[in-house]
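One file, data_7.tsv, carrying TSV, C-alpha atoms:
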chain	number	residue	atom	x	y	z
A	18	MET	CA	37.54	-3.78	-19.31
A	19	LEU	CA	34.87	-3.36	-16.64
A	20	ASP	CA	33.23	-0.61	-18.72
A	21	ASN	CA	32.33	-3.27	-21.29
A	22	PHE	CA	31.50	-5.92	-18.68
A	23	PRO	CA	29.95	-4.13	-15.71
A	24	LEU	CA	29.25	-6.16	-12.59
A	25	TRP	CA	25.78	-4.58	-12.32
A	26	PRO	CA	23.65	-2.06	-14.23
A	27	GLU	CA	24.07	1.66	-13.83
A	28	ARG	CA	22.46	3.15	-10.73
A	29	ALA	CA	19.90	5.80	-11.66
A	30	SER	CA	17.29	5.86	-8.88
A	31	ALA	CA	17.06	6.69	-5.20
A	32	MET	CA	16.47	3.02	-4.33
A	33	ALA	CA	19.30	1.55	-6.42
A	34	ALA	CA	22.05	2.04	-3.82
A	35	ASN	CA	19.95	0.43	-1.06
A	36	VAL	CA	19.14	-2.60	-3.21
A	37	ASP	CA	22.78	-2.99	-4.29
A	38	ALA	CA	24.06	-2.70	-0.72
A	39	LEU	CA	21.73	-5.48	0.46
A	40	TYR	CA	22.62	-7.64	-2.53
A	41	ILE	CA	26.36	-7.18	-1.94
A	42	PHE	CA	25.89	-8.03	1.74
A	43	LEU	CA	24.11	-11.26	0.78
A	44	LEU	CA	26.93	-12.14	-1.62
A	45	ILE	CA	29.58	-11.49	1.04
A	46	VAL	CA	27.76	-13.55	3.68
A	47	SER	CA	27.15	-16.39	1.21
A	48	GLY	CA	30.79	-16.31	0.04
A	49	LEU	CA	32.17	-16.33	3.59
A	50	MET	CA	29.91	-19.18	4.64
A	51	THR	CA	30.85	-21.17	1.53
A	52	ALA	CA	34.56	-20.61	2.19
A	53	LEU	CA	34.16	-21.50	5.88
A	54	ILE	CA	32.36	-24.75	5.06
A	55	PHE	CA	34.96	-25.83	2.50
A	56	VAL	CA	37.86	-24.97	4.81
A	57	ALA	CA	36.20	-26.94	7.63
A	58	ILE	CA	35.62	-29.93	5.33
A	59	LEU	CA	39.24	-29.94	4.19
A	60	TYR	CA	40.56	-29.52	7.74
A	61	PHE	CA	38.42	-32.28	9.22
A	62	ALA	CA	39.17	-34.58	6.28
A	63	ALA	CA	42.89	-34.15	6.94
A	64	ARG	CA	42.82	-34.02	10.74
A	65	TYR	CA	40.46	-36.89	11.35
A	66	ARG	CA	41.23	-39.16	8.43
A	67	GLN	CA	41.18	-42.87	9.09
A	68	GLN	CA	44.45	-44.23	10.48
A	69	LYS	CA	45.51	-47.83	10.99
A	70	GLY	CA	45.52	-48.89	14.61
A	71	VAL	CA	43.60	-45.83	15.80
A	72	ARG	CA	40.02	-46.41	16.96
A	73	ALA	CA	37.44	-43.66	16.50
A	74	GLU	CA	36.09	-42.07	19.66
A	75	GLN	CA	32.46	-41.18	20.16
A	76	ILE	CA	31.92	-37.45	20.75
A	77	ASP	CA	28.84	-36.64	22.79
A	78	GLY	CA	28.66	-32.98	21.69
A	79	SER	CA	29.42	-29.52	23.01
A	80	THR	CA	26.76	-27.17	24.34
A	81	PRO	CA	28.88	-23.99	23.79
A	82	LEU	CA	29.64	-25.07	20.21
A	83	GLU	CA	25.99	-25.80	19.44
A	84	LEU	CA	24.90	-22.47	20.92
A	85	THR	CA	27.53	-20.68	18.84
A	86	TRP	CA	26.50	-22.17	15.51
A	87	SER	CA	22.83	-21.53	16.35
A	88	ILE	CA	23.02	-17.96	17.68
A	89	ILE	CA	25.43	-16.49	15.11
A	90	PRO	CA	23.43	-17.64	12.04
A	91	PHE	CA	20.21	-16.48	13.74
A	92	VAL	CA	21.66	-12.98	14.22
A	93	VAL	CA	22.90	-12.88	10.62
A	94	PHE	CA	19.51	-13.98	9.24
A	95	MET	CA	17.67	-11.43	11.39
A	96	VAL	CA	19.94	-8.70	10.00
A	97	ILE	CA	19.08	-9.86	6.47
A	98	PHE	CA	15.36	-10.00	7.30
A	99	LEU	CA	15.16	-6.55	8.89
A	100	TRP	CA	17.33	-4.94	6.23
A	101	GLY	CA	15.34	-6.59	3.44
A	102	ALA	CA	12.02	-5.59	5.04
A	103	ALA	CA	13.16	-1.97	5.30
A	104	VAL	CA	14.17	-1.89	1.62
A	105	TYR	CA	10.95	-3.65	0.60
A	106	PHE	CA	8.56	-1.38	2.48
A	107	LYS	CA	10.38	1.73	1.33
A	108	GLY	CA	10.14	0.53	-2.25
A	109	ARG	CA	6.44	-0.29	-1.85
A	110	THR	CA	5.35	2.99	-0.24
A	111	PRO	CA	5.28	5.89	-2.71
A	112	PRO	CA	5.50	9.41	-1.27
A	113	ARG	CA	2.17	11.21	-0.99
A	114	ASP	CA	3.02	13.93	-3.51
A	115	SER	CA	4.22	11.55	-6.24
A	116	THR	CA	3.42	12.32	-9.86
A	117	GLU	CA	1.05	9.63	-11.13
A	118	VAL	CA	1.38	7.75	-14.40
A	119	TYR	CA	-1.17	5.12	-15.48
A	120	VAL	CA	0.31	2.12	-17.29
A	121	VAL	CA	-1.60	-0.41	-19.40
A	122	ALA	CA	0.38	-3.44	-20.55
A	123	LYS	CA	-0.75	-5.52	-23.50
A	124	GLN	CA	0.78	-7.99	-25.92
A	125	TRP	CA	3.27	-6.60	-26.72
A	126	MET	CA	3.60	-2.95	-25.73
A	127	TRP	CA	3.47	-0.51	-22.84
A	128	LYS	CA	0.83	2.23	-22.99
A	129	LEU	CA	1.45	5.08	-20.53
A	130	GLU	CA	-0.58	8.17	-19.71
A	131	HIS	CA	0.48	11.02	-17.44
A	132	ALA	CA	-1.99	12.67	-15.07
A	133	GLU	CA	-1.48	15.82	-17.14
A	134	GLY	CA	-2.81	13.99	-20.20
A	135	GLN	CA	0.33	13.18	-22.22
A	136	ARG	CA	0.23	9.71	-23.73
A	137	GLU	CA	3.20	7.55	-24.66
A	138	ILE	CA	3.85	4.07	-26.04
A	139	ASN	CA	6.93	2.10	-24.97
A	140	GLU	CA	8.49	5.29	-23.63
A	141	LEU	CA	8.13	7.29	-20.43
A	142	HIS	CA	9.49	10.79	-19.92
A	143	VAL	CA	10.14	11.85	-16.33
A	144	PRO	CA	12.18	14.63	-14.67
A	145	VAL	CA	15.22	14.14	-12.48
A	146	GLY	CA	14.52	14.20	-8.75
A	147	ARG	CA	10.73	13.80	-8.87
A	148	ASP	CA	8.84	10.90	-7.28
A	149	VAL	CA	6.83	9.01	-9.89
A	150	LYS	CA	4.07	6.56	-8.96
A	151	LEU	CA	3.06	3.97	-11.53
A	152	ILE	CA	-0.52	2.66	-11.41
A	153	MET	CA	-0.41	-0.42	-13.63
A	154	THR	CA	-2.76	-3.01	-15.05
A	155	SER	CA	-2.71	-5.53	-17.89
A	156	GLN	CA	-5.13	-5.78	-20.78
A	157	ASP	CA	-4.50	-9.49	-21.34
A	158	VAL	CA	-1.90	-11.64	-19.51
A	159	ILE	CA	0.60	-11.14	-16.69
A	160	HIS	CA	3.47	-8.80	-17.55
A	161	SER	CA	6.29	-7.40	-15.40
A	162	PHE	CA	7.57	-3.81	-15.46
A	163	PHE	CA	11.35	-4.06	-15.07
A	164	VAL	CA	13.87	-1.19	-15.16
A	165	PRO	CA	17.32	-2.57	-14.19
A	166	ALA	CA	18.90	0.87	-13.69
A	167	PHE	CA	16.19	1.73	-11.15
A	168	ARG	CA	16.37	-1.69	-9.44
A	169	MET	CA	12.60	-2.00	-9.71
A	170	LYS	CA	10.42	-4.84	-11.00
A	171	GLN	CA	6.68	-5.10	-10.48
A	172	ASP	CA	4.23	-7.64	-11.88
A	173	VAL	CA	1.40	-6.12	-13.92
A	174	LEU	CA	-1.77	-8.15	-13.54
A	175	PRO	CA	-5.03	-8.31	-15.50
A	176	GLY	CA	-8.15	-7.31	-13.58
A	177	ARG	CA	-6.49	-5.15	-10.92
A	178	TYR	CA	-3.99	-2.37	-10.32
A	179	THR	CA	-0.51	-2.86	-8.95
A	180	MET	CA	1.71	0.01	-7.82
A	181	ALA	CA	5.39	0.88	-8.07
A	182	TRP	CA	7.36	4.08	-7.70
A	183	PHE	CA	10.81	5.50	-8.34
A	184	ARG	CA	12.78	8.73	-8.17
A	185	ALA	CA	15.30	9.07	-10.99
A	186	THR	CA	18.61	10.61	-9.96
A	187	LYS	CA	20.48	10.83	-13.27
A	188	ALA	CA	19.41	12.18	-16.65
A	189	GLY	CA	19.61	9.66	-19.46
A	190	THR	CA	17.72	6.91	-21.26
A	191	TYR	CA	17.25	3.58	-19.47
A	192	HIS	CA	15.97	0.23	-20.66
A	193	LEU	CA	12.45	-0.98	-19.83
A	194	PHE	CA	11.76	-4.69	-20.13
A	195	CYS	CA	8.89	-7.08	-19.59
A	196	ALA	CA	10.34	-9.63	-17.15
A	197	GLU	CA	7.43	-12.11	-17.34
A	198	TYR	CA	7.05	-14.42	-20.33
A	199	CYS	CA	3.89	-13.12	-21.97
A	200	GLY	CA	3.73	-14.77	-25.37
A	201	THR	CA	5.59	-15.32	-28.63
A	202	GLN	CA	6.83	-11.73	-28.91
A	203	HIS	CA	7.77	-11.35	-25.25
A	204	SER	CA	11.37	-10.47	-26.09
A	205	GLY	CA	10.16	-7.56	-28.20
A	206	MET	CA	8.14	-5.97	-25.41
A	207	ILE	CA	10.77	-3.39	-24.59
A	208	GLY	CA	10.82	0.35	-24.06
A	209	SER	CA	12.77	3.12	-22.40
A	210	ILE	CA	12.57	5.57	-19.52
A	211	VAL	CA	13.79	9.00	-20.59
A	212	VAL	CA	14.98	10.99	-17.58
A	213	MET	CA	15.25	14.70	-18.34
A	214	GLU	CA	16.42	17.80	-16.54
A	215	PRO	CA	13.47	19.73	-15.03
A	216	ALA	CA	13.62	22.55	-17.62
A	217	GLN	CA	13.72	20.09	-20.52
A	218	TYR	CA	10.88	18.09	-19.00
A	219	GLU	CA	8.68	21.17	-18.62
A	220	ALA	CA	9.35	22.03	-22.25
A	221	TRP	CA	8.41	18.50	-23.28
A	222	MET	CA	5.24	18.60	-21.17
A	223	GLY	CA	4.26	21.87	-22.85
A	224	GLY	CA	3.96	20.11	-26.18
A	225	GLY	CA	0.18	20.13	-25.89
A	226	THR	CA	-2.46	17.63	-24.78
A	227	SER	CA	-6.17	17.14	-25.10
A	228	GLY	CA	-6.63	17.80	-21.38
A	229	THR	CA	-5.75	16.19	-18.09
A	230	LEU	CA	-6.58	12.56	-17.41
A	231	SER	CA	-9.12	13.54	-14.74
A	232	ALA	CA	-10.81	15.91	-17.22
A	233	THR	CA	-11.09	13.03	-19.68
A	234	GLY	CA	-12.59	10.93	-16.91
A	235	GLU	CA	-15.10	13.65	-16.08
A	236	LYS	CA	-16.22	13.69	-19.71
A	237	ILE	CA	-16.64	9.90	-19.76
A	238	PHE	CA	-18.45	10.11	-16.43
A	239	ALA	CA	-20.97	12.53	-17.96
A	240	GLU	CA	-21.33	10.59	-21.22
A	241	LEU	CA	-22.18	7.39	-19.36
A	242	GLY	CA	-24.81	9.18	-17.29
A	243	CYS	CA	-23.07	8.51	-13.97
A	244	ALA	CA	-23.95	11.98	-12.64
A	245	THR	CA	-27.63	11.00	-12.69
A	246	CYS	CA	-27.20	8.96	-9.52
A	247	HIS	CA	-23.86	10.14	-8.13
A	248	ARG	CA	-24.99	13.60	-7.11
A	249	SER	CA	-23.07	15.96	-4.85
A	250	ASP	CA	-26.20	16.84	-2.88
A	251	ALA	CA	-26.51	13.28	-1.49
A	252	GLN	CA	-29.94	12.95	-3.07
A	253	GLY	CA	-28.94	10.47	-5.75
A	254	ARG	CA	-29.37	6.73	-5.81
A	255	GLY	CA	-25.62	6.27	-5.65
A	256	PRO	CA	-23.06	7.48	-3.09
A	257	ASN	CA	-21.71	11.00	-3.24
A	258	LEU	CA	-18.22	10.67	-4.73
A	259	GLN	CA	-16.79	13.96	-3.50
A	260	GLY	CA	-14.20	13.28	-0.84
A	261	LEU	CA	-14.66	9.53	-1.21
A	262	PHE	CA	-11.23	8.44	-2.43
A	263	GLY	CA	-8.80	7.42	0.28
A	264	LYS	CA	-11.52	7.13	2.93
A	265	PRO	CA	-12.98	4.00	4.57
A	266	VAL	CA	-16.30	2.83	3.16
A	267	GLN	CA	-18.79	0.72	5.08
A	268	LEU	CA	-20.33	-2.08	3.04
A	269	GLU	CA	-23.73	-3.71	3.26
A	270	ASP	CA	-22.21	-6.94	4.59
A	271	GLY	CA	-20.65	-5.11	7.55
A	272	ARG	CA	-17.10	-4.90	6.24
A	273	THR	CA	-15.15	-1.67	5.93
A	274	VAL	CA	-12.82	-1.21	2.97
A	275	MET	CA	-10.55	1.59	1.80
A	276	ALA	CA	-11.64	3.47	-1.31
A	277	ASP	CA	-8.46	3.08	-3.35
A	278	GLU	CA	-7.83	2.58	-7.07
A	279	ASN	CA	-8.76	-1.10	-7.03
A	280	TYR	CA	-11.95	-0.39	-5.10
A	281	VAL	CA	-13.07	2.21	-7.64
A	282	ARG	CA	-12.18	-0.12	-10.49
A	283	GLU	CA	-14.18	-3.02	-9.05
A	284	CYS	CA	-17.17	-0.80	-8.40
A	285	ILE	CA	-17.29	0.11	-12.09
A	286	LEU	CA	-16.84	-3.41	-13.44
A	287	ASP	CA	-18.65	-5.43	-10.74
A	288	PRO	CA	-20.93	-3.11	-8.73
A	289	GLY	CA	-22.48	-5.90	-6.69
A	290	ALA	CA	-19.20	-7.18	-5.28
A	291	GLN	CA	-18.83	-4.52	-2.57
A	292	ARG	CA	-22.17	-2.75	-2.16
A	293	VAL	CA	-22.18	0.36	0.00
A	294	LYS	CA	-24.40	0.20	3.07
A	295	GLY	CA	-27.75	1.89	2.56
A	296	PHE	CA	-27.85	1.66	-1.24
A	297	GLN	CA	-29.80	-0.71	-3.44
A	298	PRO	CA	-28.09	-2.87	-6.13
A	299	VAL	CA	-29.30	-0.85	-9.11
A	300	MET	CA	-26.03	0.00	-10.82
A	301	PRO	CA	-25.33	-2.00	-14.03
A	302	THR	CA	-21.92	-3.42	-14.75
A	303	PHE	CA	-19.61	-1.72	-17.23
A	304	GLN	CA	-17.50	-4.81	-17.85
A	305	GLY	CA	-16.66	-4.82	-21.56
A	306	LEU	CA	-18.19	-1.37	-22.09
A	307	VAL	CA	-15.18	0.70	-21.04
A	308	SER	CA	-11.55	0.16	-22.03
A	309	GLU	CA	-8.60	0.03	-19.64
A	310	GLU	CA	-7.68	3.56	-20.68
A	311	GLN	CA	-11.21	4.77	-19.92
A	312	LEU	CA	-11.09	3.01	-16.55
A	313	SER	CA	-7.85	4.83	-15.74
A	314	ALA	CA	-9.49	8.14	-16.65
A	315	LEU	CA	-12.54	7.41	-14.49
A	316	VAL	CA	-10.36	6.43	-11.54
A	317	ALA	CA	-8.33	9.63	-11.97
A	318	TYR	CA	-11.55	11.67	-12.00
A	319	VAL	CA	-12.88	10.08	-8.80
A	320	LYS	CA	-9.50	10.72	-7.17
A	321	SER	CA	-9.60	14.37	-8.26
A	322	LEU	CA	-12.86	14.84	-6.34
A	323	SER	CA	-10.91	14.30	-3.12
A	324	LYS	CA	-8.08	16.70	-3.91
A	325	PRO	CA	-8.29	20.27	-2.58
A	326	GLY	CA	-9.16	22.70	-5.31
A	327	ASP	CA	-10.35	20.06	-7.78
A	328	SER	CA	-14.01	20.04	-6.79
A	329	GLU	CA	-16.50	22.45	-5.36
A	330	ALA	CA	-17.10	20.73	-2.03
A	331	LYS	CA	-14.86	18.43	-0.08
A	332	PRO	CA	-16.97	16.64	2.51
A	333	ALA	CA	-15.94	13.33	3.93
A	334	VAL	CA	-17.75	10.35	2.50
A	335	ALA	CA	-21.38	11.36	2.41
A	336	MET	CA	-23.62	9.36	4.70
A	337	PRO	CA	-25.56	7.10	2.37
A	338	ARG	CA	-29.27	7.58	2.18
A	339	ALA	CA	-31.43	4.48	2.06
A	340	VAL	CA	-33.44	4.47	-1.16
A	341	PRO	CA	-36.27	2.30	-2.34
A	342	ALA	CA	-35.46	-0.52	-4.70
A	343	SER	CA	-37.15	1.15	-7.64
A	344	ALA	CA	-36.45	0.72	-11.34
A	345	PRO	CA	-32.78	0.47	-12.27
A	346	ALA	CA	-31.10	3.77	-12.90
A	347	LYS	CA	-30.30	4.94	-16.37
A	348	GLY	CA	-26.87	4.67	-17.99
A	349	ALA	CA	-24.05	4.62	-15.48
A	350	VAL	CA	-26.12	4.52	-12.36
A	351	ASN	CA	-24.18	3.53	-9.31
A	352	GLY	CA	-26.79	2.04	-7.09
A	353	ASN	CA	-24.08	0.20	-5.26
A	354	GLN	CA	-21.01	2.24	-4.78
A	355	VAL	CA	-18.42	4.03	-6.77
A	356	LYS	CA	-18.86	4.70	-10.46
Mind converting the file's structure to structure tokens?
Amino acid sequence: MLDNFPLWPERASAMAANVDALYIFLLIVSGLMTALIFVAILYFAARYRQQKGVRAEQIDGSTPLELTWSIIPFVVFMVIFLWGAAVYFKGRTPPRDSTEVYVVAKQWMWKLEHAEGQREINELHVPVGRDVKLIMTSQDVIHSFFVPAFRMKQDVLPGRYTMAWFRATKAGTYHLFCAEYCGTQHSGMIGSIVVMEPAQYEAWMGGGTSGTLSATGEKIFAELGCATCHRSDAQGRGPNLQGLFGKPVQLEDGRTVMADENYVRECILDPGAQRVKGFQPVMPTFQGLVSEEQLSALVAYVKSLSKPGDSEAKPAVAMPRAVPASAPAKGAVNGNQVK
């Protein structure tokens, strides 16, 4: 009977048990409080019902009683808050060595690309026991990446990246839904997560690709002429990108920001928004000139310049060199910040 009508979806991720435990605790607390309130109402209605010839007496209150019904709920709510915060922050903090997958949502499909270069539509293959970080953006409206078996749901927004991660614990195929109404064919925006044993996954990955995502980004970087100004010798009109990702960057307006995926993305599409200190605003915008897939590749390439073994030199963020405000650079000049 319960096999056909399960109380909750199958658990297939490392976070699922934690989410279920918190949810069950909330149900138990809510059920007990509901039962307690109804029992109290029935008792008081019977015990203190109006009787002929009996005058009601004014009750001034009870300090111990008021402290009891204030302190106990406070403790219960603090337990819920701390437990929920622990589950939330764990679910929002992907492990450092997570495998990265870039996701582009659009009406009405999911486009996914592995760091190794494999591309998929409405399907994602992952191995059992490996941490997977999803770097997601939308090509049009707000979507929501929802996998019930993993107990994960993350909004996917246009114009920026949002992150989510999971570690699958059971091989199988699990439903992927869009949980945000996104248009007339919203109900058809479905897919699946295929969790495979490590050996099967390696065989699937060996099916052949056109190169890694960072290699694709390097090619786009060269085609757009970005290397003209983003030179590794710190003599270009744009910042040196080697070792940049994941480091703090000082801006012209005095602020310091972290060079993460959203920072790199904004620097490509709106170079003047966060101009690096010491550089002139000579980089043109690439808004409308590069697709979301190309942006993902460029971001992956910039990230690869900060990974050991992926680039020739690994200095920290190069100290920017003040340059004269000469003629705008050619092609993909980054006279502001990151390309």
### Message
Show me the residues around (18.3, 15.4, -15.9) - criterion: an atom at most 7 Å away, all atoms listed in the file counted - as a PyMOL selection string.
### Response
chain A and resi 144-145+187-189+212-215
### Query
What residues have an atom no more than 8 Å from (-2.3, 12.1, -14.0) in the file's own frame, counting all atoms listed in the file, and can you write them as a list in words?
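Output of the proximity query reads Thr116, Glu117, Val118, Tyr119, Glu130, His131, Ala132, Glu133, Gly134, Thr229, Leu230, Ser231 and Ala317 of chain A.
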### Query
Got a sec: who's within 8 Å of segment 24-34 of chain A, counting only C-alpha atoms, leaving out chain neighbours fewer than 2 positions off, as a ChimeraX atom specification?
/A:19,22,36-38,108,165-168,183-187
### Query
To one decimal place, how far is atom CA of Ser87 of chain A from atom CA of Ile54 of chain A in Å?
15.1 Å
### Task
Please provide the set of residues having any atom within 7 Å of Ile138 of chain A, restricted to only C-alpha atoms, with same-chain residues fewer than 3 positions apart removed, written as number ranges by chain.
A: 127-129
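Atom pair atom CA of Asn257 of chain A / atom CA of Thr179 of chain A has a distance of 26.0 Å (rounded to one decimal).
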### Task
Could you jot down the atom CA of Gln67 of chain A to atom CA of Leu49 of chain A separation for me, Å, one decimal place?
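Atom CA of Leu49 of chain A lies at a distance of 28.6 Å from atom CA of Gln67 of chain A.
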#### Entry: Residue with smallest distance to Ala122 of chain A - pool A:Leu82, A:Ile88, A:Cys195, A:Val316, counting all atoms listed in the file
A:Cys195
### Residue with smallest distance to Thr233 of chain A - pool A:Ser79, A:Gln311, A:Ser204, A:Ser155, counting all atoms listed in the file
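Distance minimum relative to Thr233 of chain A lands on A:Gln311.
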### Task
Please provide the set of residues having any atom within 8 Å of Asp277 of chain A, restricted to all atoms listed in the file, with same-chain residues fewer than 4 positions apart removed, written as a list in words.
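Counting all atoms listed in the file, the residues come to Phe262, Gly263 and Val281 of chain A.
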### Residue contacts of Gln291 of chain A (12 Å, all atoms listed in the file) excluding same-chain residues fewer than 6 positions away, as a PyMOL selection string
chain A and resi 266-276+279-285+297-298+300+351-355
Please export segment 300-309 of chain A as a CSV table (one decimal), in the first residue's frame, restricted to all heavy atoms.
chain,number,residue,atom,x,y,z
A,300,MET,N,37.3,49.0,-21.9
A,300,MET,CA,36.8,47.7,-22.4
A,300,MET,C,35.3,47.8,-22.9
A,300,MET,O,34.5,48.4,-22.2
A,300,MET,CB,36.8,46.6,-21.3
A,300,MET,CG,36.2,45.3,-21.7
A,300,MET,SD,36.4,44.0,-20.4
A,300,MET,CE,35.3,42.7,-21.1
A,301,PRO,N,35.0,47.4,-24.1
A,301,PRO,CA,33.6,47.4,-24.6
A,301,PRO,C,32.8,46.3,-23.9
A,301,PRO,O,33.3,45.4,-23.4
A,301,PRO,CB,33.8,47.2,-26.1
A,301,PRO,CG,35.0,46.3,-26.2
A,301,PRO,CD,35.9,46.8,-25.1
A,302,THR,N,31.5,46.5,-24.0
A,302,THR,CA,30.6,45.5,-23.4
A,302,THR,C,30.4,44.4,-24.4
A,302,THR,O,30.4,44.6,-25.6
A,302,THR,CB,29.2,46.1,-23.1
A,302,THR,OG1,28.4,45.1,-22.6
A,302,THR,CG2,28.6,46.8,-24.3
A,303,PHE,N,30.1,43.2,-23.9
A,303,PHE,CA,29.8,42.1,-24.8
A,303,PHE,C,28.4,41.6,-24.6
A,303,PHE,O,28.1,40.5,-25.0
A,303,PHE,CB,30.8,40.9,-24.5
A,303,PHE,CG,32.2,41.2,-25.0
A,303,PHE,CD1,33.1,42.0,-24.3
A,303,PHE,CD2,32.6,40.8,-26.3
A,303,PHE,CE1,34.3,42.3,-24.7
A,303,PHE,CE2,33.8,41.2,-26.8
A,303,PHE,CZ,34.7,41.9,-26.0
A,304,GLN,N,27.6,42.5,-24.0
A,304,GLN,CA,26.2,42.2,-23.9
A,304,GLN,C,25.5,41.9,-25.3
A,304,GLN,O,25.6,42.8,-26.1
A,304,GLN,CB,25.4,43.3,-23.2
A,304,GLN,CG,24.0,43.1,-22.9
A,304,GLN,CD,23.7,42.1,-21.8
A,304,GLN,OE1,24.3,42.3,-20.7
A,304,GLN,NE2,22.9,41.1,-22.0
A,305,GLY,N,24.9,40.8,-25.5
A,305,GLY,CA,24.3,40.5,-26.7
A,305,GLY,C,25.3,39.9,-27.8
A,305,GLY,O,24.8,39.5,-28.8
A,306,LEU,N,26.5,39.9,-27.5
A,306,LEU,CA,27.5,39.4,-28.4
A,306,LEU,C,28.0,38.0,-28.1
A,306,LEU,O,28.5,37.3,-29.0
A,306,LEU,CB,28.8,40.3,-28.5
A,306,LEU,CG,28.5,41.8,-28.9
A,306,LEU,CD1,29.8,42.6,-28.9
A,306,LEU,CD2,27.9,41.8,-30.3
A,307,VAL,N,27.8,37.6,-26.8
A,307,VAL,CA,28.1,36.2,-26.4
A,307,VAL,C,26.9,35.6,-25.8
A,307,VAL,O,26.1,36.2,-25.1
A,307,VAL,CB,29.3,36.2,-25.4
A,307,VAL,CG1,30.6,36.6,-26.1
A,307,VAL,CG2,29.0,37.1,-24.2
A,308,SER,N,26.7,34.3,-26.1
A,308,SER,CA,25.6,33.5,-25.6
A,308,SER,C,25.8,33.1,-24.1
A,308,SER,O,27.0,33.2,-23.6
A,308,SER,CB,25.3,32.3,-26.4
A,308,SER,OG,26.4,31.4,-26.3
A,309,GLU,N,24.8,32.6,-23.5
A,309,GLU,CA,25.0,32.1,-22.1
A,309,GLU,C,26.0,30.9,-22.1
A,309,GLU,O,26.8,30.8,-21.1
A,309,GLU,CB,23.6,31.6,-21.5
A,309,GLU,CG,22.7,32.8,-21.2
A,309,GLU,CD,23.2,33.6,-20.0
A,309,GLU,OE1,24.1,33.2,-19.3
A,309,GLU,OE2,22.6,34.7,-19.9
